[in-house]
file target-v2.cif (mmCIF, C-alpha atoms)
data_target
loop_
_atom_site.label_atom_id
_atom_site.label_comp_id
_atom_site.auth_asym_id
_atom_site.auth_seq_id
_atom_site.Cartn_x
_atom_site.Cartn_y
_atom_site.Cartn_z
CA GLU A 102 103.97 130.26 77.99
CA MET A 103 105.51 127.81 75.53
CA ALA A 104 107.70 129.10 72.73
CA ALA A 105 106.58 127.88 69.30
CA GLN A 106 109.97 126.57 68.19
CA TRP A 107 110.72 123.95 70.83
CA LYS A 108 110.21 120.22 70.75
CA ARG A 109 111.32 117.70 73.36
CA ILE A 110 112.04 114.04 72.67
CA LEU A 111 112.55 111.73 75.63
CA GLU A 112 113.80 108.16 75.59
CA ALA A 113 113.82 105.70 78.47
CA LYS A 114 115.33 102.23 78.67
CA GLY A 115 113.23 99.40 79.99
CA PRO A 116 113.86 97.78 83.38
CA ASP A 117 114.15 94.01 83.66
CA ALA A 118 113.24 93.37 87.30
CA MET A 119 114.48 90.07 88.71
CA GLY A 120 112.29 89.63 91.73
CA MET A 121 111.47 90.95 95.19
CA PHE A 122 113.41 90.38 98.39
CA SER A 123 110.46 90.55 100.79
CA SER A 124 106.70 91.01 101.07
CA GLY A 125 104.22 90.85 103.90
CA HIS A 126 106.45 91.89 106.80
CA PRO A 127 105.57 95.46 107.84
CA THR A 128 108.37 95.66 110.42
CA VAL A 129 111.10 95.37 107.77
CA ARG A 130 111.67 96.83 104.34
CA GLN A 131 109.12 95.67 101.78
CA PHE A 132 109.70 94.53 98.21
CA GLY A 133 113.22 95.59 97.19
CA GLY A 134 115.18 93.61 94.64
CA LEU A 135 117.58 93.41 91.76
CA GLY A 136 117.04 94.76 88.24
CA ALA A 137 118.80 95.91 85.10
CA MET A 138 118.01 98.56 82.50
CA VAL A 139 118.08 97.14 78.98
CA ASP A 140 118.37 99.08 75.71
CA SER A 141 115.36 97.47 74.09
CA PRO A 142 112.41 97.60 74.30
CA GLN A 143 112.32 101.25 75.31
CA VAL A 144 109.89 104.15 75.65
CA ARG A 145 110.16 107.13 73.29
CA VAL A 146 107.98 110.20 73.82
CA SER A 147 107.89 113.63 72.17
CA ILE A 148 106.07 116.84 73.04
CA ARG A 149 105.66 120.12 71.15
CA PRO A 150 103.41 123.20 71.35
CA ALA A 151 99.82 123.02 70.12
CA ALA A 152 96.62 125.05 70.34
CA THR A 153 95.09 122.46 72.71
CA PHE A 154 96.21 119.36 74.55
CA GLU A 155 96.33 116.26 72.34
CA VAL A 156 97.80 112.78 72.87
CA VAL A 157 98.49 110.31 70.06
CA GLY A 158 100.43 107.11 69.59
CA LEU A 159 100.84 104.01 71.73
CA HIS A 160 99.02 103.63 75.06
CA ARG A 161 97.28 106.93 74.33
CA GLU A 162 94.75 106.87 77.16
CA ARG A 163 97.28 105.84 79.77
CA ALA A 164 99.64 108.54 78.55
CA ARG A 165 96.85 111.10 78.82
CA ARG A 166 96.10 110.04 82.39
CA PHE A 167 99.76 110.40 83.33
CA ALA A 168 99.92 113.91 81.84
CA GLU A 169 96.76 114.93 83.68
CA THR A 170 98.08 113.48 86.95
CA VAL A 171 101.36 115.36 86.58
CA LEU A 172 99.61 118.66 85.89
CA ALA A 173 97.23 118.12 88.82
CA ASN A 174 100.13 117.39 91.17
CA LEU A 175 102.03 120.47 89.97
CA ARG A 176 98.94 122.52 90.76
CA ASN A 177 98.44 120.85 94.15
CA GLU A 178 102.03 121.59 95.09
CA LYS A 179 101.54 125.21 93.91
CA LEU A 180 104.34 124.87 91.38
CA VAL A 181 102.03 126.22 88.69
CA ASP A 182 98.92 128.38 88.89
CA THR A 183 95.61 126.55 88.96
CA ASP A 184 94.60 128.08 85.62
CA VAL A 185 97.71 126.88 83.75
CA GLN A 186 96.82 124.63 80.84
CA LEU A 187 99.00 122.16 78.97
CA ASN A 188 98.65 123.20 75.34
CA ALA A 189 100.86 120.61 73.73
CA PHE A 190 100.92 117.72 71.27
CA LEU A 191 102.18 114.61 73.08
CA GLU A 192 103.10 111.50 71.13
CA VAL A 193 104.24 108.08 72.35
CA HIS A 194 106.33 106.78 69.46
CA GLN A 195 107.70 103.60 70.98
CA ALA A 196 106.78 101.46 73.99
CA PRO A 197 106.49 97.78 74.96
CA ARG A 198 103.24 96.03 75.84
CA GLU A 199 101.64 96.63 79.20
CA HIS A 200 101.94 94.31 82.20
CA VAL A 201 104.48 91.84 80.83
CA GLY A 202 107.23 92.61 83.34
CA LEU A 203 109.09 95.33 81.42
CA GLY A 204 108.19 98.25 83.65
CA LEU A 205 106.18 100.20 81.08
CA GLY A 206 104.16 102.08 83.70
CA THR A 207 107.14 103.67 85.42
CA GLN A 208 109.11 104.45 82.24
CA LEU A 209 106.06 105.89 80.49
CA GLY A 210 104.98 107.83 83.58
CA LEU A 211 108.39 109.36 84.22
CA SER A 212 108.95 110.12 80.53
CA ILE A 213 105.65 111.97 80.33
CA ALA A 214 106.30 113.75 83.63
CA ALA A 215 109.64 114.95 82.23
CA ALA A 216 107.94 116.02 78.98
CA VAL A 217 105.22 117.95 80.79
CA CYS A 218 107.78 119.70 83.02
CA ALA A 219 109.82 120.64 79.95
CA ALA A 220 106.72 121.98 78.23
CA LEU A 221 105.93 124.16 81.24
CA GLY A 222 109.46 125.52 81.43
CA PHE A 223 110.81 123.62 84.44
CA THR A 224 114.39 122.50 84.79
CA ARG A 225 114.20 118.72 84.63
CA PRO A 226 113.36 117.30 88.07
CA SER A 227 115.11 114.28 89.53
CA ALA A 228 113.74 110.81 88.81
CA ILE A 229 112.32 110.59 92.34
CA GLU A 230 110.54 113.92 91.87
CA LEU A 231 109.20 112.77 88.50
CA ALA A 232 107.93 109.54 90.09
CA SER A 233 106.11 111.55 92.74
CA LEU A 234 104.48 113.75 90.10
CA ALA A 235 103.42 110.73 88.03
CA GLY A 236 102.24 108.66 91.01
CA ARG A 237 104.85 105.91 90.61
CA GLY A 238 107.20 104.11 93.01
CA ALA A 239 104.64 102.77 95.49
CA ARG A 240 106.51 99.44 95.64
CA SER A 241 109.56 98.79 93.46
CA GLY A 242 112.09 101.57 92.93
CA ILE A 243 114.14 99.84 90.21
CA GLY A 244 112.42 101.61 87.32
CA THR A 245 112.69 105.02 88.96
CA HIS A 246 116.38 104.74 89.80
CA GLY A 247 117.09 103.15 86.44
CA PHE A 248 115.36 105.96 84.57
CA GLU A 249 118.09 108.28 85.76
CA GLN A 250 121.12 106.02 86.00
CA GLY A 251 120.75 102.78 84.04
CA GLY A 252 122.95 99.78 84.75
CA LEU A 253 122.48 96.91 87.19
CA LEU A 254 120.64 98.13 90.29
CA VAL A 255 119.90 96.86 93.78
CA GLU A 256 117.21 98.54 95.87
CA ALA A 257 116.85 98.05 99.63
CA GLY A 258 113.08 97.83 99.86
CA LYS A 259 110.63 100.39 101.14
CA LEU A 260 109.67 101.45 104.65
CA ASP A 261 106.36 103.23 105.28
CA ALA A 262 108.16 106.54 105.73
CA ASP A 263 110.11 106.25 102.45
CA THR A 264 109.05 108.17 99.37
CA ILE A 265 110.69 105.47 97.30
CA SER A 266 112.78 102.38 97.96
CA PRO A 267 116.40 103.57 98.32
CA LEU A 268 119.10 102.48 95.90
CA ILE A 269 121.88 100.65 97.75
CA ALA A 270 124.14 99.59 94.88
CA ARG A 271 124.70 100.13 91.18
CA MET A 272 127.20 98.92 88.59
CA ASP A 273 127.60 99.44 84.85
CA LEU A 274 126.53 96.43 82.84
CA PRO A 275 129.58 94.75 81.31
CA ALA A 276 129.51 94.84 77.51
CA ALA A 277 129.75 91.05 77.39
CA TRP A 278 126.47 90.52 79.27
CA ARG A 279 123.37 89.50 77.32
CA PHE A 280 119.72 89.28 78.38
CA LEU A 281 117.15 86.97 76.84
CA LEU A 282 113.63 88.40 77.23
CA MET A 283 110.82 85.87 76.80
CA ILE A 284 107.47 87.61 76.42
CA PRO A 285 104.17 85.72 75.95
CA LYS A 286 102.53 86.35 72.59
CA ALA A 287 99.17 86.96 74.25
CA GLY A 288 97.84 87.92 77.64
CA SER A 289 99.37 90.03 80.37
CA GLY A 290 100.07 89.94 84.08
CA LEU A 291 98.02 91.41 86.88
CA ALA A 292 98.13 95.12 87.65
CA GLY A 293 96.38 97.78 89.70
CA GLY A 294 93.28 96.61 91.55
CA ASP A 295 93.62 93.06 90.20
CA GLU A 296 97.14 92.82 91.61
CA HIS A 297 96.43 93.99 95.17
CA PRO A 298 94.57 90.81 96.36
CA ARG A 299 97.44 88.63 95.11
CA LEU A 300 99.97 90.75 96.98
CA ARG A 301 97.94 90.31 100.17
CA LEU A 302 98.12 86.55 99.69
CA ALA A 303 101.89 86.88 99.98
CA GLU A 304 101.58 88.24 103.51
CA GLY A 305 102.03 84.85 105.11
CA PRO A 306 105.07 83.13 106.62
CA GLN A 307 108.19 83.28 104.50
CA SER A 308 111.70 81.97 104.78
CA ASP A 309 114.16 83.44 107.27
CA ALA A 310 116.16 84.85 104.35
CA LEU A 311 113.21 86.93 103.20
CA GLN A 312 112.21 88.01 106.70
CA HIS A 313 115.63 89.51 107.35
CA PRO A 314 115.57 93.28 106.91
CA GLN A 315 118.86 93.39 105.03
CA HIS A 316 120.13 91.26 102.19
CA LYS A 317 123.29 90.60 100.27
CA VAL A 318 123.39 90.14 96.52
CA LEU A 319 126.32 88.39 94.87
CA VAL A 320 127.00 89.28 91.24
CA LEU A 321 129.61 87.45 89.17
CA GLN A 322 131.18 89.59 86.50
CA PRO A 323 132.09 87.85 83.24
CA GLU A 324 135.63 86.74 82.53
CA GLN A 325 137.89 89.55 81.43
CA ARG A 326 139.24 89.71 77.89
CA ASP A 327 142.74 88.90 79.14
CA GLY A 328 141.52 85.61 80.60
CA ARG A 329 141.48 86.67 84.23
CA PRO A 330 138.92 84.75 86.32
CA HIS A 331 135.46 85.98 87.21
CA GLN A 332 135.21 88.70 89.81
CA ALA A 333 132.54 88.74 92.48
CA ARG A 334 130.91 91.83 93.90
CA VAL A 335 128.69 91.79 96.97
CA PHE A 336 125.95 94.41 97.25
CA GLY A 337 124.33 95.27 100.54
CA PRO A 338 125.40 95.75 104.16
#
call {"tool": "encode", "arguments": {"input": "target-v2.cif", "output": "structure tokens"}}
result
Amino acid sequence: EMAAQWKRILEAKGPDAMGMFSSGHPTVRQFGGLGAMVDSPQVRVSIRPAATFEVVGLHRERARRFAETVLANLRNEKLVDTDVQLNAFLEVHQAPREHVGLGLGTQLGLSIAAAVCAALGFTRPSAIELASLAGRGARSGIGTHGFEQGGLLVEAGKLDADTISPLIARMDLPAAWRFLLMIPKAGSGLAGGDEHPRLRLAEGPQSDALQHPQHKVLVLQPEQRDGRPHQARVFGP
């Protein structure tokens, strides 16, 4: 039962994914890649008690579907009784456009999963648990890991047995770094059922670098304030 006085506000930074390491090779890790969590645009969600379940704000129908998915998965995993209802007012105050490469689906899904869990009295689950409840993380894990940690992230890629692609390296973003996001004024990329045929087209021969199951990522850190030269960090085995 939800106490009348509480309200939860959740904010999530947006991931800027920089590409996949591999696709179309079932014997090695799939997808994987490098990404960074940027301060803006971001997702901002709030939830508070209500007589019935209501969703307002941006991406309202998608937000509703996420909330319903989370509640259904909580019931399926017997974490709540089957007759438990979500009597809450859920609002999406801030969010970027869909399908323009800013990871809205994962950030919105995990934010709503966290909100629903808070409304039902759960201690906040981990990002990986939230992704499972919301049905996210089937391919890239950057958004899931970034939801919890932020920074510059490198994920290994996913094997069939993995719940989510494991994080293999992370570093704080230096304050001097800047990102330029160029977003088309109209249109959006492929997603869901429209995206799957294009992914299958990628299952042809690729370069030896992409077929290798492990990768190294070289990141040059900006020059230090005292004039010391750039430092290089290598991520990966």
call {"tool": "atom_distance", "arguments": {"input": "target-v2.cif", "atom1": "CA of Ile265 (chain A)", "atom2": "CA of Leu282 (chain A)"}}
result
26.5 Å
call {"tool": "atom_distance", "arguments": {"input": "target-v2.cif", "atom1": "CA of Ala214 (chain A)", "atom2": "CA of Ala228 (chain A)"}}
result
9.5 Å
call {"tool": "atom_distance", "arguments": {"input": "target-v2.cif", "atom1": "CA of Leu135 (chain A)", "atom2": "CA of Leu159 (chain A)"}}
result
28.2 Å
call {"tool": "closest_residue", "arguments": {"input": "target-v2.cif", "among": "A:Glu162, A:Glu199, A:Asp263, A:Glu256", "to": "Pro285 (chain A)", "atoms": "all atoms listed in the file"}}
result
A:Glu199
call {"tool": "closest_residue", "arguments": {"input": "target-v2.cif", "among": "A:Val181, A:Ala189, A:Ala262, A:Leu203", "to": "Ser141 (chain A)", "atoms": "all atoms listed in the file"}}
result
A:Leu203
call {"tool": "resolve_selection", "arguments": {"input": "target-v2.cif", "expression": "the PyMOL selection byres ((chain A and resi 146) around 12)", "output": "PyMOL selection string"}}
result
chain A and resi 108-114+143-145+147-149+156-161+164+168+190-196+208-217
call {"tool": "write_last_selection", "arguments": {"input": "target-v2.cif", "atoms": "C-alpha atoms", "output": "mmCIF file, in the frame of the given file"}}
result
data_model
loop_
_atom_site.group_PDB
_atom_site.id
_atom_site.type_symbol
_atom_site.label_atom_id
_atom_site.label_comp_id
_atom_site.auth_asym_id
_atom_site.auth_seq_id
_atom_site.Cartn_x
_atom_site.Cartn_y
_atom_site.Cartn_z
ATOM 1 C CA LYS A 108 110.210 120.220 70.750
ATOM 2 C CA ARG A 109 111.320 117.700 73.360
ATOM 3 C CA ILE A 110 112.040 114.040 72.670
ATOM 4 C CA LEU A 111 112.550 111.730 75.630
ATOM 5 C CA GLU A 112 113.800 108.160 75.590
ATOM 6 C CA ALA A 113 113.820 105.700 78.470
ATOM 7 C CA LYS A 114 115.330 102.230 78.670
ATOM 8 C CA GLN A 143 112.320 101.250 75.310
ATOM 9 C CA VAL A 144 109.890 104.150 75.650
ATOM 10 C CA ARG A 145 110.160 107.130 73.290
ATOM 11 C CA SER A 147 107.890 113.630 72.170
ATOM 12 C CA ILE A 148 106.070 116.840 73.040
ATOM 13 C CA ARG A 149 105.660 120.120 71.150
ATOM 14 C CA VAL A 156 97.800 112.780 72.870
ATOM 15 C CA VAL A 157 98.490 110.310 70.060
ATOM 16 C CA GLY A 158 100.430 107.110 69.590
ATOM 17 C CA LEU A 159 100.840 104.010 71.730
ATOM 18 C CA HIS A 160 99.020 103.630 75.060
ATOM 19 C CA ARG A 161 97.280 106.930 74.330
ATOM 20 C CA ALA A 164 99.640 108.540 78.550
ATOM 21 C CA ALA A 168 99.920 113.910 81.840
ATOM 22 C CA PHE A 190 100.920 117.720 71.270
ATOM 23 C CA LEU A 191 102.180 114.610 73.080
ATOM 24 C CA GLU A 192 103.100 111.500 71.130
ATOM 25 C CA VAL A 193 104.240 108.080 72.350
ATOM 26 C CA HIS A 194 106.330 106.780 69.460
ATOM 27 C CA GLN A 195 107.700 103.600 70.980
ATOM 28 C CA ALA A 196 106.780 101.460 73.990
ATOM 29 C CA GLN A 208 109.110 104.450 82.240
ATOM 30 C CA LEU A 209 106.060 105.890 80.490
ATOM 31 C CA GLY A 210 104.980 107.830 83.580
ATOM 32 C CA LEU A 211 108.390 109.360 84.220
ATOM 33 C CA SER A 212 108.950 110.120 80.530
ATOM 34 C CA ILE A 213 105.650 111.970 80.330
ATOM 35 C CA ALA A 214 106.300 113.750 83.630
ATOM 36 C CA ALA A 215 109.640 114.950 82.230
ATOM 37 C CA ALA A 216 107.940 116.020 78.980
ATOM 38 C CA VAL A 217 105.220 117.950 80.790
#
